[in-house]
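Novice: Once you've had a glance at the structure underneath, I'll fire off some questions.
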6 protein chains.
Amino acid sequence: MFHHVKSLQFNARVSKPDPRFANLLLEQFGGENGELAAAMQYFTQAFGAKNPHPDKYDMLMDIATEEFSHLEIVGATIQMLLKGVNGELKDAADQSEIMQVMDGNAAKESIIHAALSANPQFPIITGGGPTPRNSQGIPWCASYINSNGDLTVDLRSNLASESRAKLVYEHLMKFTDDPYIHETLSFLMTREVTHYKMFEAALDSIQPNFPPAVLAADPRYLQQAYNLSDGTVRGPWNEGEIKGMGKDFVYIENPIAYVKQTEGQTKLPDDYSKELKATEKLDKEMSAVKSEEVKKADPKGVAQWSTY
Amino acid sequence: MFHHVKSLQFNARVSKPDPRFANLLLEQFGGENGELAAAMQYFTQAFGAKNPHPDKYDMLMDIATEEFSHLEIVGATIQMLLKGVNGELKDAADQSEIMQVMDGNAAKESIIHAALSANPQFPIITGGGPTPRNSQGIPWCASYINSNGDLTVDLRSNLASESRAKLVYEHLMKFTDDPYIHETLSFLMTREVTHYKMFEAALDSIQPNFPPAVLAADPRYLQQAYNLSDGTVRGPWNEGEIKGMGKDFVYIENPIAYVKQTEGQTKLPDDYSKELKATEKLDKEMSAVKSEEVKKADPKGVAQWSTY
Amino acid sequence: MFHHVKSLQFNARVSKPDPRFANLLLEQFGGENGELAAAMQYFTQAFGAKNPHPDKYDMLMDIATEEFSHLEIVGATIQMLLKGVNGELKDAADQSEIMQVMDGNAAKESIIHAALSANPQFPIITGGGPTPRNSQGIPWCASYINSNGDLTVDLRSNLASESRAKLVYEHLMKFTDDPYIHETLSFLMTREVTHYKMFEAALDSIQPNFPPAVLAADPRYLQQAYNLSDGTVRGPWNEGEIKGMGKDFVYIENPIAYVKQTEGQTKLPDDYSKELKATEKLDKEMSAVKSEEVKKADPKGVAQWSTY
Amino acid sequence: MFHHVKSLQFNARVSKPDPRFANLLLEQFGGENGELAAAMQYFTQAFGAKNPHPDKYDMLMDIATEEFSHLEIVGATIQMLLKGVNGELKDAADQSEIMQVMDGNAAKESIIHAALSANPQFPIITGGGPTPRNSQGIPWCASYINSNGDLTVDLRSNLASESRAKLVYEHLMKFTDDPYIHETLSFLMTREVTHYKMFEAALDSIQPNFPPAVLAADPRYLQQAYNLSDGTVRGPWNEGEIKGMGKDFVYIENPIAYVKQTEGQTKLPDDYSKELKATEKLDKEMSAVKSEEVKKADPKGVAQWSTY
Amino acid sequence: MFHHVKSLQFNARVSKPDPRFANLLLEQFGGENGELAAAMQYFTQAFGAKNPHPDKYDMLMDIATEEFSHLEIVGATIQMLLKGVNGELKDAADQSEIMQVMDGNAAKESIIHAALSANPQFPIITGGGPTPRNSQGIPWCASYINSNGDLTVDLRSNLASESRAKLVYEHLMKFTDDPYIHETLSFLMTREVTHYKMFEAALDSIQPNFPPAVLAADPRYLQQAYNLSDGTVRGPWNEGEIKGMGKDFVYIENPIAYVKQTEGQTKLPDDYSKELKATEKLDKEMSAVKSEEVKKADPKGVAQWSTY
Amino acid sequence: MFHHVKSLQFNARVSKPDPRFANLLLEQFGGENGELAAAMQYFTQAFGAKNPHPDKYDMLMDIATEEFSHLEIVGATIQMLLKGVNGELKDAADQSEIMQVMDGNAAKESIIHAALSANPQFPIITGGGPTPRNSQGIPWCASYINSNGDLTVDLRSNLASESRAKLVYEHLMKFTDDPYIHETLSFLMTREVTHYKMFEAALDSIQPNFPPAVLAADPRYLQQAYNLSDGTVRGPWNEGEIKGMGKDFVYIENPIAYVKQTEGQTKLPDDYSKELKATEKLDKEMSAVKSEEVKKADPKGVAQWSTY
C-alpha cells in the first residue's frame with residue numbers, strides 16, 4: 001500500500017510564472033519518457049518479479065515509488081508555473097483581459113495570454129493546472145511502458161527509459177533560466193542517472209544475462225552482417241569479433257545474391273549440425289534452470305500476496 | 001512524496017489460477033473506469049486544489065493514494081490468477097505443452113492454454129503478469145481522466161467515476177466463485193461507495209455549487225424542453241418545476257416551428273431584459289468572490305510547494 | 001430515424017473571421033467534453049433504456065438529438081470563423097500571400113496566416129473547415145463516452161458531462177468579444193444547465209438510486225476514512241455522519257498500523273455478521289426487483305425494434 | 001437542426017439473441033468503415049460545401065442523416081442480439097449462472113456466457129448494449145474520417161468509404177443465418193451502393209475534376225513508371241496510354257541507374273520548358289476560377305448560417 | 001526483401017532552415033495522408049494480391065517501394081529544414097541562447113527559437129529531426145490504412161488516398177517560397193497523380209468491378225433517394241438515371257411517411273420477386289467465379305512464398 | 001531510395017493454415033515490439049545520424065532495411081497461415097459454411113471458423129490477410145518508436161528494443177509445432193541477437209558514452225539510494241560502489257526524515273561546491289566537443305541530401 005507525505009522529495013520552487021515552460025514540462029508529466037511512464041513501468045514489472053526475485057521486487061518498487069514522487073514534483077512545478085491562470089478564469093464575467101489579448105497590445109504579458117499561446121487547453125480545459133498529456137496534448141498512453149515478464153529484458157528496457165528521461169531533462173534545462181527550476185531539473189536528471197546505475201547493477205547480478213531471456217542464438221544466422229544499404233562503411237559492428245560470443249561477423253557484401261544462392265538461407269555453405277546440437281542442449285539446460293527458478297517460488301495452494 | 005509499504009491494504013488471496021478472470025480484472029487495472037484512472041484523476045485534480053482549498057487537497061490526495069493502493073491490490077490479484085504462466089514460458093525449449101494445446105485434448109486445462117485463450121498478450125507480451133490495458137487490450141489512456149480546475153465540476157466528475165467503478169466491480173463479482181476474490185472485490189466495490197459519499201459531502205460543503213463553476217444560466221434558454229424525438233412521454237424532467245431554480249419547464253411541442261418563429265431563438269416571445277440584468281449582476285458578484293478566493297491563496301513572489 | 005432541417009436550432013452568427021477562436025471552439029466540436037461526446041453518450045445509452053424505461057429512452061433521445069443540433073451550431077460557427085481560408089487555398093498558384101507570411105510583415109493580418117498559426121491543419125488538412133478533433137488536434141475518441149447499462153450510473157455520468165461542458169463554454173466565453181458568438185455560447189452553455197436539471201430529475205424519479213446499480217455496500221468497509229496523505233484536515237467528508245447511510249465515518253489515523261493489526265482488514269475488531277446477513281438479504285431483493293424489471297420488458301420471440 | 005422519429009428507417013428484427021454476431025456487427029457501429037464513420041464524414045464535409053455548393057451541401061446532409069439513421073438500425077440490432085444480458089446482470093446476487101459458465105457444462109448456451117465469450121466488455125462494461133467500438137474493442141476514432149475542403153477529393157474519399165462499407169456488410173452476411181438480419185444487412189449494404197452512385201454522379205457534375213483539387217501535374221514527372229520491385233509484369237498501369245492525359249507511360253526499367261544518371265531527376269533527358277509554361281498558365285487559370293467560386297459565395301460582413 | 005540505395009529518388013535540396021515548414025511537412029511523413037500511410041497501405045494490400053493476381057502484386061509492391069522512397073525524401077527534407085537544431089542542443093551547458101529566446105529580442109531569428117515555436121517536440125524530444133507524427137504531434141497510426149482483401153475495394157481506397165495526398169502537397173506548396181523545396185514537392189505531388197492513373201488502369205482491367213466485391217445490390221433498396229435533409233435541391237445524384245445500373249432514382253419526398261407506410265420498407269409497393277431471383281442467381285455465379293479465382297491460385301500442401 | 005526484390009530474405013514456408021497462430025504473429029507485424037516498430041525506429045534515427053556520423057547512418061539504414069525485409073517475411077507467413085480464408089469469403093452467396101460454424105459441429109475445423117475465432121477482423125475486415133495491428137487489434141502506433149537525436153541514447157533504446165523482440169519470438173516459438181515456421185522464427189529471433197551485438201559495438205565505439213547525452217550527473221544527488229518501499233533488501237544496486245562512477249551508494253534508510261532534515265534536499269550535510277565546479281567545467285567541455293561535432297558536419301549554404 002502507498003502512503004503520501006505532503007512534503008515534496010525535492011524542494012521545488014519557481015521564481016515566476018511561465019506557461020510556455022509549463023507546457024514543455026508536460027513532457028515529463030504525461031509524455032512518453034516522463035515520470036508517469038517510468039513509475040508505471042517499474043510498478044508493473046514488480047508484480048512478476050516479487051516471488052522469484054524479492055530483492056529485485058524491492059528495488060523496482062523503491063524506484064517506482066520514487067518516480068511517483070518525481071511525478072508529484074513535476075506536477076507541482078507546472079502548477080506554480082501557471083500561477084494566476086486559474087484566478088483569471090474564475091473572473092468569468094470580466095472581458096477586459098481578453099480584449100487586450102485580442103489587441104495584442106501592452107497587456108500581452110498577461111498570464112492568461114501566455115497560457116493560451118503555450119497550450120490552448122491550459123485555459124480552456126485544465127483550468128491552469130497540469131494534465132497527464134505531453135507538450136502537444138497527446139494523452140499519456142500505457143503503450144509507453146514495457147513490462148515483459150523477464151528481468152534480463154525488463155532491466156534493459158529500463159536502461160533505455162532512464163537514458164531517454166535523462167536526455168529530455170537535459171533538453172528542458174536549456175529552456176529556462178529560472179535558477180530554482182534548474183536546481184529541480186538537475187536533481188531529477190541526476191536521479192535518472194542513479195537509477196540507470198542501479199538497474200545496470202541489478203542486470204549484472206543476473207548471470208548469464210545474454211542473450212536476453214532463455215534461448216540461445218541460432219548459430220546459422222548469428223554472424224551475418226548484410227550490406228543492405230548499398231554502403232561500404234565498415235566498423236566494429238560489422239567486422240571482427242562479435243564481442244562476448246566467440247565468433248566473428250561475416251559480412252555479406254551482396255545480400256541479394258547470397259539469398260538466392262542459399263535458397264533463402266536454407267542451403268547454407270557451412271555445416272552447423274554440431275553447433276545446432278550444442279545450442280539445443282544449452283536451451284534445454286537454461287529452460288530447466290529458469291523455469292525451476294520461477295516454479296519453485298510459486299507457493300502451492302491458496303495464493304496470498306502479503307503477510308501481516 | 002510517496003512511501004510504499006509491502007503489505008497490501010487488503011489481504012488479497014486467490015484460491016486457484018484463472019486467466020479468464022485475470023483478463024476481466026484488467027478492466028480495473030488499466031480500464032477506463034479502473035483504479036489507475038481514479039488514482040490519476042484525483043491526483044491531477046489535487047494540484048489545483050492545494051492553495052485555495054487545502055482541506056479538499058488533503059481529501060483528494062488521501063483518496064488518490066488509496067486508489068494507488070487499490071491498483072496494487074488488483075495487480076497482485078491478476079498476478080496470482082496467472083500463477084504458472086511465467087514458469088511455463090521460461091521452459092522455452094519444451095514444446096510438449098503446446099502440442100497438447102494444438103490438439104485441444106485432455107491437457108486443455110493447462111494454464112498456458114487458458115492464458116492464451118483469455119488474452120493472447122498474457123503469454124506473448126506480458127509474460128503472465130498484469131498490464132495497464134483493459135480486457136480487450138486497449139492501453140490505458142489519460143483521456144479517461146477529467147481534471148478541470150473547478151471543484152464544483154471536478155467533484156461531480158468524481159461522483160460519476162465512483163458510480164461507474166462500483167458498477168464494474170458489481171459486474172465482475174458475477175464472474176468468479178472464488179470466495180477470496182469475492183471478499184477482495186467486495187472491499188474494493190464498497191470503497192467506491194465510501195468515496196462517493198466523501199466527494200458528495202465535499203461538494204455540499206461548497207455553497208453555492210450550482211450551476212457548476214461561476215456563471216449563472218441565461219434566463220432566455222433555461223426553461224425549454226424540446227420535443228425533438230417525436231415522442232410524447234412527459235415526466236419531471238420536462239414538466240413542472242425545475243428543481244431548485246425557481247422556474248418551470250416550458251415544453252416546446254414543435255421545436256422546428258418554434259425555431260422558425262423565433263428566428264433561431266433570437267426573437268423570443270417574452271421580455272427577459274430584467275432577468276438578464278440580474279444575471280449579469282450575479283455573474284459579476286460570483287466572479288469577484290471566486291477569483292478572489294483563488295488569487296488571495298496564491299502567494300506573491302517565489303512560489304514554493306512545501307514547507308519543511 | 002433522423003431528419004434534418006436546414007435552419008440551425010440557434011441563429012449562429014459571426015462578426016468577423018477569427019481562426020484562433022475557431023481552434024479553441026474545436027474543443028466543443030471534437031473535444032472530450034464537446035457536443036459530439038454528449039450526443040453519442042446519450043444516443044448510446046438510449047438503446048439499453050428503451051424497453052425497460054421508454055420514458056427515459058424518450059428523454060435520452062430528445063437530448064441526444066439536441067446535442068447533434070448543437071454540434072451543427074458549433075461546426076457552423078467554426079466554418080464562419082474560418083471564412084476566407086478555403087478561398088485562399090483554392091488560389092493555389094498564388095504565392096504572394098505566403099511571402100508575406102514568411103516575412104511576418106504588414107500582411108500579418110491575413111486570414112491564412114492566422115489560420116496557420118492557430119492550427120496548422122486548418123490550411124493543410126481541413127481546407128479551412130471544422131474537424132472532429134480538439135484544440136490540439138487529438139481526434140475525437142469513443143472512449144470519451146460512458147454508457148454502462150444502468151440508469152443510476154449513466155445519469156450520474158451525464159450530470160458530470162454536463163457540468164464539464166458548462167465549464168468549457170464558460171471558459172470559451174472569456175476568449176471572444178464577438179457579441180454574436182457570445183450569444184451563441186450563452187445559449188449553448190445554458191442548455192447544458194437545463195440538461196443537468198433534466199438528468200437530475202430523471203435520476204430522482206428512480207428510487208432507490210444509491211448505491212448506484214444493485215448491490216449494497218459491504219458494511220465492513222464502508223465507514224473507514226483513511227488518513228493516507230499524512231494530513232490532519234478533517235471535514236464532513238471524513239467525520240460525522242455519512243449522509244443518508246445511517247452511519248458515521250470512522251477515521252483511521254494510522255492506516256499502516258491498522259492494516260497490519262487487522263491482517264489486511266480480514267480480522268476487523270467488530271462483529272459484522274448481522275449486518276452482512278441483512279446486506280445479503282437486501283442484495284437478493286434488489287436483484288429480484290431490478291432483473292425482473294428488465295426481463296419482463298424484453299418481449300419473447302422475434303424482437304422488433306419499432307412498430308409502424 | 002436534427003429531428004428524431006422513433007420508427008427505424010428499416011424494420012430491423014432479430015430471431016434470437018446472438019452475442020457473437022452482435023460483436024461482429026460492432027464493426028458497423030463503431031468500426032473504421034461503419035455507419036458512424038460515414039455519417040460523421042459527410043456531415044463534416046458538408047460545412048465547407050454549403051456556401052459555394054448548396055446543392056452538394058444538401059446531398060451530403062441528406063446522406064449523412066441517412067447514415068445516422070443506419071447507425072441507429074445497427075445499434076438497435078446489436079441491442080436485440082444481446083437480449084437477456086442486461087437482465088442477467090441485474091440479478092447481481094445470483095451466482096448460479098456463473099458457476100455453470102465456469103464448469104463449461106450444459107448451461108453453456110446461457111446468454112451471459114455467450115456474451116462474455118464474444119466480447120468481455122458486453123457483460124462488464126456496456127451492460128449488454130452497443131458501444132461505439134469495433135469488434136476488437138477499439139474505440140471509434142475521428143481519424144477514420146476524411147474531410148479536406150475540396151469536393152473533387154472529398155467525393156473520392158466517399159467512393160472509397162462506400163466501397164469498404166459495402167464489402168464489410170457482404171462479409172457480415174456470411175456469418176448469420178437469421179433471415180431478419182439478412183434482410184436488414186441487405187438493405188444497409190445496398191444503400192452503400194446507392195450512395196456510391198450518388199457521389200459518383202456528383203463528382204461527374206464537377207468538370208474538370210482531375211487531377212483532384214487545383215494544380216496540374218508536373219509534366220516532368222508524370223509519365224514514369226519505375227520498375228522498383230524487381231519485376232517484369234507489364235500491364236495497362238505501366239505501359240501504353242495514361243488514360244485521359246494524352247500521354248504514355250514511360251517505363252523505367254532500372255530506376256537506380258536512371259536516378260543516378262539524371263542526378264536525382266533534376267537533369268532529365270528531355271526539354272520540358274514549353275510544357276512547364278503551359279502548366280503554369282493552366283494553374284493560374286484554374287486558381288482564378290476555383291478561388292473565385294469560393295470567394296464570391298462567402299457573404300461580406302456579419303456571417304449568418306441560416307435564414308428563418 | 002528490400003535493398004536501400006543511399007541516393008534519394010529525387011535530389012532533395014533546401015535553401016535554408018525553416019522549422020515551421022518542417023513541422024507542416026510532418027503531415028507527409030507521419031500524417032494520415034502521408035507517405036508512410038501510402039507505403040504501408042499498398043505493402044499490406046500486396047500480400048493478399050500475390051497469388052491470385054501476381055501482376056497487381058507487382059504493381060502494388062512497385063508503388064509501395066516508391067512511397068517508402070518518398071518517405072525518405074520527406075524525412076531528409078525535414079532534417080535539412082531543421083539544420084542547426086541538434087548542434088545547438090548539444091551545446092547543453094550554454095544558456096545564452098535561451099535567454100534571448102526568453103527576452104524575445106533580436107536573437108529571435110535563432111533556429112532553436114524557431115524550432116520551439118514550430119513544434120515543442122523538435123528541441124525537446126526528436127533532437128531536431130523528423131518523427132512519424134503529424135503537424136500537431138499525433139503519432140502515425142495504422143488505422144490510417146485500408147486493406148480489405150478485395151482489389152475492387154482496395155484500388156478504390158487507393159484512388160482516394162492518392163487524391164488526398166495530392167491535395168495536401170498542393171496545400172503545402174503555398175507555404176514555402178524555397179524553389180528547391182518547390183521542385184521536390186512538385187515531384188512528389190505529381191507522382192500521386194501518376195499513381196492515381198496506375199490504380200485506375202488496374203481497376204479498369206478487372207471486369208466487372210461494380211458493385212465492389214461480389215454481391216449485387218438488392219433491387220428493393222437501390223433506387224431510393226430520400227429527402228432527409230429538408231431540402232429541395234435536385235441533381236443527377238437524385239434524379240434521372242443511376243448511371244450504369246439501368247435504373248432511375250426514385251425520389252422519396254417525405255421519407256418519414258414513406259417509412260411508416262411501408263412498415264419500415266418491408267411492405268414495398270412494387271413486386272421485386274423476379275428481380276430478386278435474378279440477383280440471387282447473379283450472386284451465385286459471381287461467387288463461383290471469384291472464389292474459384294482465389295482458390296485455384298492457392299497452392300496445395302506446404303506453402304512457400306518465394307522461389308529462388 | 002528503396003528497391004524491392006521479390007525473394008524473401010528467408011525462405012518462409014508454412015505446413016498448413018493456422019489462423020490462431022497468424023493472430024499471435026501479428027504481434028511481430030503490427031505490435032509494439034514488432035518488425036515495423038524496429039524498422040521505423042532505426043530508419044527515423046538515421047536521418048539525424050547521417051551528417052555527423054555517416055558510419056552509424058550506414059549501420060542504421062542497413063538494419064532498418066533488414067527489418068523491413070523481416071516485416072515482409074512475417075506478413076508473408078501470416079498470409080500463408082490464413083490460406084483459404086479469402087477464397088471462402090469470395091464465395092459470398094454460400095451460407096452452408098456459417099451454418100456449420102453456428103452449430104459448432106464437425107465442420108469446426110473449417111478455416112473460416114478458425115479465422116473468426118482467432119480474430120474477428122480476419123474474415124470481416126482484412127479479408128484473410130495481415131494487418132499492421134497487434135494480436136488484440138490495436139493499430140500500430142508511432143509512439144512505439146524512440147528517436148531522440150543522440151546516439152548514446154538511441155542506441156540504448158535499440159538494445160532494449162532488440163531484447164524485447166527477441167523475447168517475443170521466443171514466446172511465439174512455444175505456440176507452433178510447424179517445423180517450417182520454427183525455422184523462420186529461429187532466423188528472425190537470432191537476427192535480433194545479432195542486431196543487439198551490432199548496436200552494442202556501435203555504442204562502445206563512442207567514448208565517453210555515459211551518462212547518455214552531454215551533461216554530467218549532479219554530484220549532490222547521484223549517490224542516494226532511498227529506502228522508499230519499506231524494505232530491507234540490499235544488493236549491488238544500493239550498496240557498495242556505483243560501478244564506473246568512482247563513488248559509493250549512500251543508502252537513505254528513512255527518506256521521509258532525510259527530506260525533512262535537508263529541507264527537500266536543499267540543505268545537504270556535505271559540501272559539494274568543489275565537485276559542482278568540476279561538473280560545470282566538464283559540462284562545458286563536453287558541450288564544446290559534442291556541439292562542434294555536429295556543427296562542423298552541417299554543410300553551409302544550400303543543403304543537399306545526396307550526391308549522384
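Ordered as shown in the C-alpha cells, chains take letters A, B, and onward, while each chain numbers its residues from 1 and ligands are numbered from 1 in the order shown.
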I'd like the neighbourhood of Ala201 in chain D as a list in words, where a residue qualifies if any of its atoms comes within 9 Å (using only C-alpha atoms), though same-chain residues fewer than 3 positions away should be ignored.

Specialist: Tyr196, Lys197, Met198, Asp204 and Ser205 of chain D; Gly235, Pro236, Trp237, Asn238, Ile242 and Lys243 of chain E

Novice: Keeping all heavy atoms, export the residues of the selection given above as a compact mmCIF listing (two decimals), in the first residue's frame.

Specialist:
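Written out: part.txt:
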```txt
# COMPACT_ATOMS: atom_id res chain seq x y z
N TYR D 196 -22.84 5.31 -53.32
CA TYR D 196 -21.71 5.33 -54.24
C TYR D 196 -22.13 6.00 -55.55
O TYR D 196 -21.44 6.90 -56.05
CB TYR D 196 -21.23 3.90 -54.50
CG TYR D 196 -19.97 3.82 -55.34
CD1 TYR D 196 -18.73 3.60 -54.75
CD2 TYR D 196 -20.01 3.99 -56.72
CE1 TYR D 196 -17.58 3.53 -55.50
CE2 TYR D 196 -18.86 3.93 -57.49
CZ TYR D 196 -17.65 3.70 -56.88
OH TYR D 196 -16.49 3.65 -57.64
N LYS D 197 -23.25 5.54 -56.07
CA LYS D 197 -23.69 6.10 -57.36
C LYS D 197 -24.05 7.59 -57.23
O LYS D 197 -23.84 8.37 -58.17
CB LYS D 197 -24.90 5.32 -57.90
CG LYS D 197 -24.65 3.84 -58.19
CD LYS D 197 -23.44 3.55 -59.04
CE LYS D 197 -23.58 3.91 -60.50
NZ LYS D 197 -22.38 3.50 -61.29
N MET D 198 -24.59 7.97 -56.09
CA MET D 198 -24.91 9.38 -55.88
C MET D 198 -23.64 10.24 -55.84
O MET D 198 -23.56 11.29 -56.48
CB MET D 198 -25.71 9.56 -54.58
CG MET D 198 -27.10 8.92 -54.63
SD MET D 198 -27.96 8.94 -53.01
CE MET D 198 -28.57 10.64 -53.00
N ASP D 204 -19.06 13.64 -61.16
CA ASP D 204 -19.16 13.86 -62.61
C ASP D 204 -19.69 15.25 -62.93
O ASP D 204 -19.39 15.83 -63.97
CB ASP D 204 -20.08 12.82 -63.25
CG ASP D 204 -19.39 11.49 -63.42
OD1 ASP D 204 -18.16 11.41 -63.20
OD2 ASP D 204 -20.08 10.50 -63.76
N SER D 205 -20.52 15.77 -62.05
CA SER D 205 -21.14 17.07 -62.32
C SER D 205 -20.16 18.23 -62.11
O SER D 205 -20.49 19.37 -62.40
CB SER D 205 -22.38 17.25 -61.43
OG SER D 205 -22.00 17.57 -60.10
N GLY E 235 -30.54 17.01 -58.41
CA GLY E 235 -29.38 16.98 -59.29
C GLY E 235 -29.21 15.56 -59.80
O GLY E 235 -29.98 14.67 -59.43
N PRO E 236 -28.21 15.33 -60.65
CA PRO E 236 -28.04 13.99 -61.22
C PRO E 236 -27.81 12.92 -60.16
O PRO E 236 -27.82 11.74 -60.47
CB PRO E 236 -26.81 14.15 -62.13
CG PRO E 236 -26.18 15.46 -61.79
CD PRO E 236 -27.23 16.31 -61.15
N TRP E 237 -27.58 13.35 -58.89
CA TRP E 237 -27.37 12.37 -57.82
C TRP E 237 -28.68 11.93 -57.16
O TRP E 237 -28.66 11.08 -56.30
CB TRP E 237 -26.42 12.92 -56.76
CG TRP E 237 -26.81 14.30 -56.32
CD1 TRP E 237 -27.73 14.63 -55.38
CD2 TRP E 237 -26.33 15.52 -56.86
NE1 TRP E 237 -27.85 15.99 -55.29
CE2 TRP E 237 -27.00 16.57 -56.19
CE3 TRP E 237 -25.40 15.86 -57.87
CZ2 TRP E 237 -26.76 17.92 -56.47
CZ3 TRP E 237 -25.16 17.19 -58.16
CH2 TRP E 237 -25.84 18.21 -57.46
N ASN E 238 -29.79 12.56 -57.58
CA ASN E 238 -31.05 12.07 -57.01
C ASN E 238 -32.20 12.14 -58.01
O ASN E 238 -33.35 11.96 -57.65
CB ASN E 238 -31.38 12.79 -55.69
CG ASN E 238 -31.56 14.28 -55.87
OD1 ASN E 238 -31.84 14.77 -56.97
ND2 ASN E 238 -31.40 15.03 -54.80
N ILE E 242 -29.58 6.15 -62.82
CA ILE E 242 -28.44 5.76 -61.99
C ILE E 242 -27.43 5.16 -62.97
O ILE E 242 -27.60 4.04 -63.46
CB ILE E 242 -28.83 4.69 -60.93
CG1 ILE E 242 -30.02 5.19 -60.11
CG2 ILE E 242 -27.64 4.41 -60.02
CD1 ILE E 242 -30.54 4.17 -59.11
N LYS E 243 -26.43 5.95 -63.25
CA LYS E 243 -25.51 5.62 -64.36
C LYS E 243 -24.95 4.19 -64.28
O LYS E 243 -24.41 3.79 -63.26
CB LYS E 243 -24.36 6.63 -64.33
CG LYS E 243 -24.01 7.16 -65.71
CD LYS E 243 -22.98 8.28 -65.62
CE LYS E 243 -21.70 7.95 -66.33
NZ LYS E 243 -20.66 8.97 -66.09
```

Novice: Write down, as number ranges by chain, each residue of chain C that has any atom within 10 Å of an atom of chain A, counting only C-alpha atoms.

Specialist: C: 18, 20, 23-25, 27, 31-33, 118, 134-138, 164-165, 167-177, 227-231, 255-256, 259-264

Novice: Using DSSP on the backbone, list every residue of range 242-292 of chain B that comes out as helix (DSSP H, G or I), and give them as a ChimeraX atom specification.

Specialist: /B:255-261,273-292

Novice: Figure out the distance between CA of Asn146 in chain A and CA of His195 in chain A, please, to one decimal in Å.

Specialist: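 Result for CA of His195 in chain A versus CA of Asn146 in chain A: 16.4 Å, one decimal.
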
Novice: List the spatial neighbours of Met80 in chain C as a VMD selection string - criterion: any atom at most 12 Å away, only C-alpha atoms, same-chain residues fewer than 2 positions off excluded.

Specialist: (chain C and resid 12 to 19 21 to 22 25 73 to 78 82 to 86 128 to 130 180 to 181) or (chain D and resid 47 to 48 50 to 51 298 to 306)

Novice: Would you compute the distance between CA of Leu159 in chain D and CA of Ser147 in chain D? Give it in Å to one decimal.

Specialist: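 A separation of 13.0 Å between them.
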
Novice: For a test of reading the model, state the distance in Å between CA of Ala297 in chain D and CA of Glu280 in chain D, rounded to one decimal.

Specialist: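 Interatomic distance, CA of Ala297 in chain D to CA of Glu280 in chain D: 26.0 Å.
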
Novice: Which residues are close to range 265-271 of chain D, i.e. within 8 Å by only C-alpha atoms, leaving aside same-chain residues fewer than 6 positions away? Reply as a tab-separated table (two decimals) with N, CA, C and O atoms, in the first residue's frame.

Specialist:
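Saved result, out_30.tsv, follows:
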```tsv
chain	number	residue	atom	x	y	z
D	220	ARG	N	7.17	16.91	-66.03
D	220	ARG	CA	8.46	16.23	-65.96
D	220	ARG	C	8.40	14.88	-65.24
D	220	ARG	O	9.24	14.02	-65.45
D	258	TYR	N	18.76	5.15	-63.52
D	258	TYR	CA	18.07	6.33	-64.03
D	258	TYR	C	18.23	7.51	-63.08
D	258	TYR	O	18.52	8.64	-63.49
D	259	VAL	N	18.05	7.24	-61.78
D	259	VAL	CA	18.17	8.31	-60.79
D	259	VAL	C	19.59	8.85	-60.77
D	259	VAL	O	19.82	10.06	-60.69
E	9	GLN	N	15.60	9.21	-54.43
E	9	GLN	CA	14.96	9.09	-55.75
E	9	GLN	C	14.86	10.45	-56.42
E	9	GLN	O	14.83	10.55	-57.64
E	10	PHE	N	14.74	11.50	-55.61
E	10	PHE	CA	14.74	12.86	-56.14
E	10	PHE	C	15.76	13.67	-55.36
E	10	PHE	O	15.90	13.51	-54.16
E	11	ASN	N	16.45	14.54	-56.06
E	11	ASN	CA	17.55	15.29	-55.47
E	11	ASN	C	17.04	16.41	-54.55
E	11	ASN	O	17.06	17.59	-54.92
```

Novice: Could you pull out all residues of range 96-296 of chain C with a DSSP call of strand (DSSP E or B) and give them as number ranges by chain?

Specialist: C: 133, 139, 141, 224-226, 241-242, 247-248, 250-252
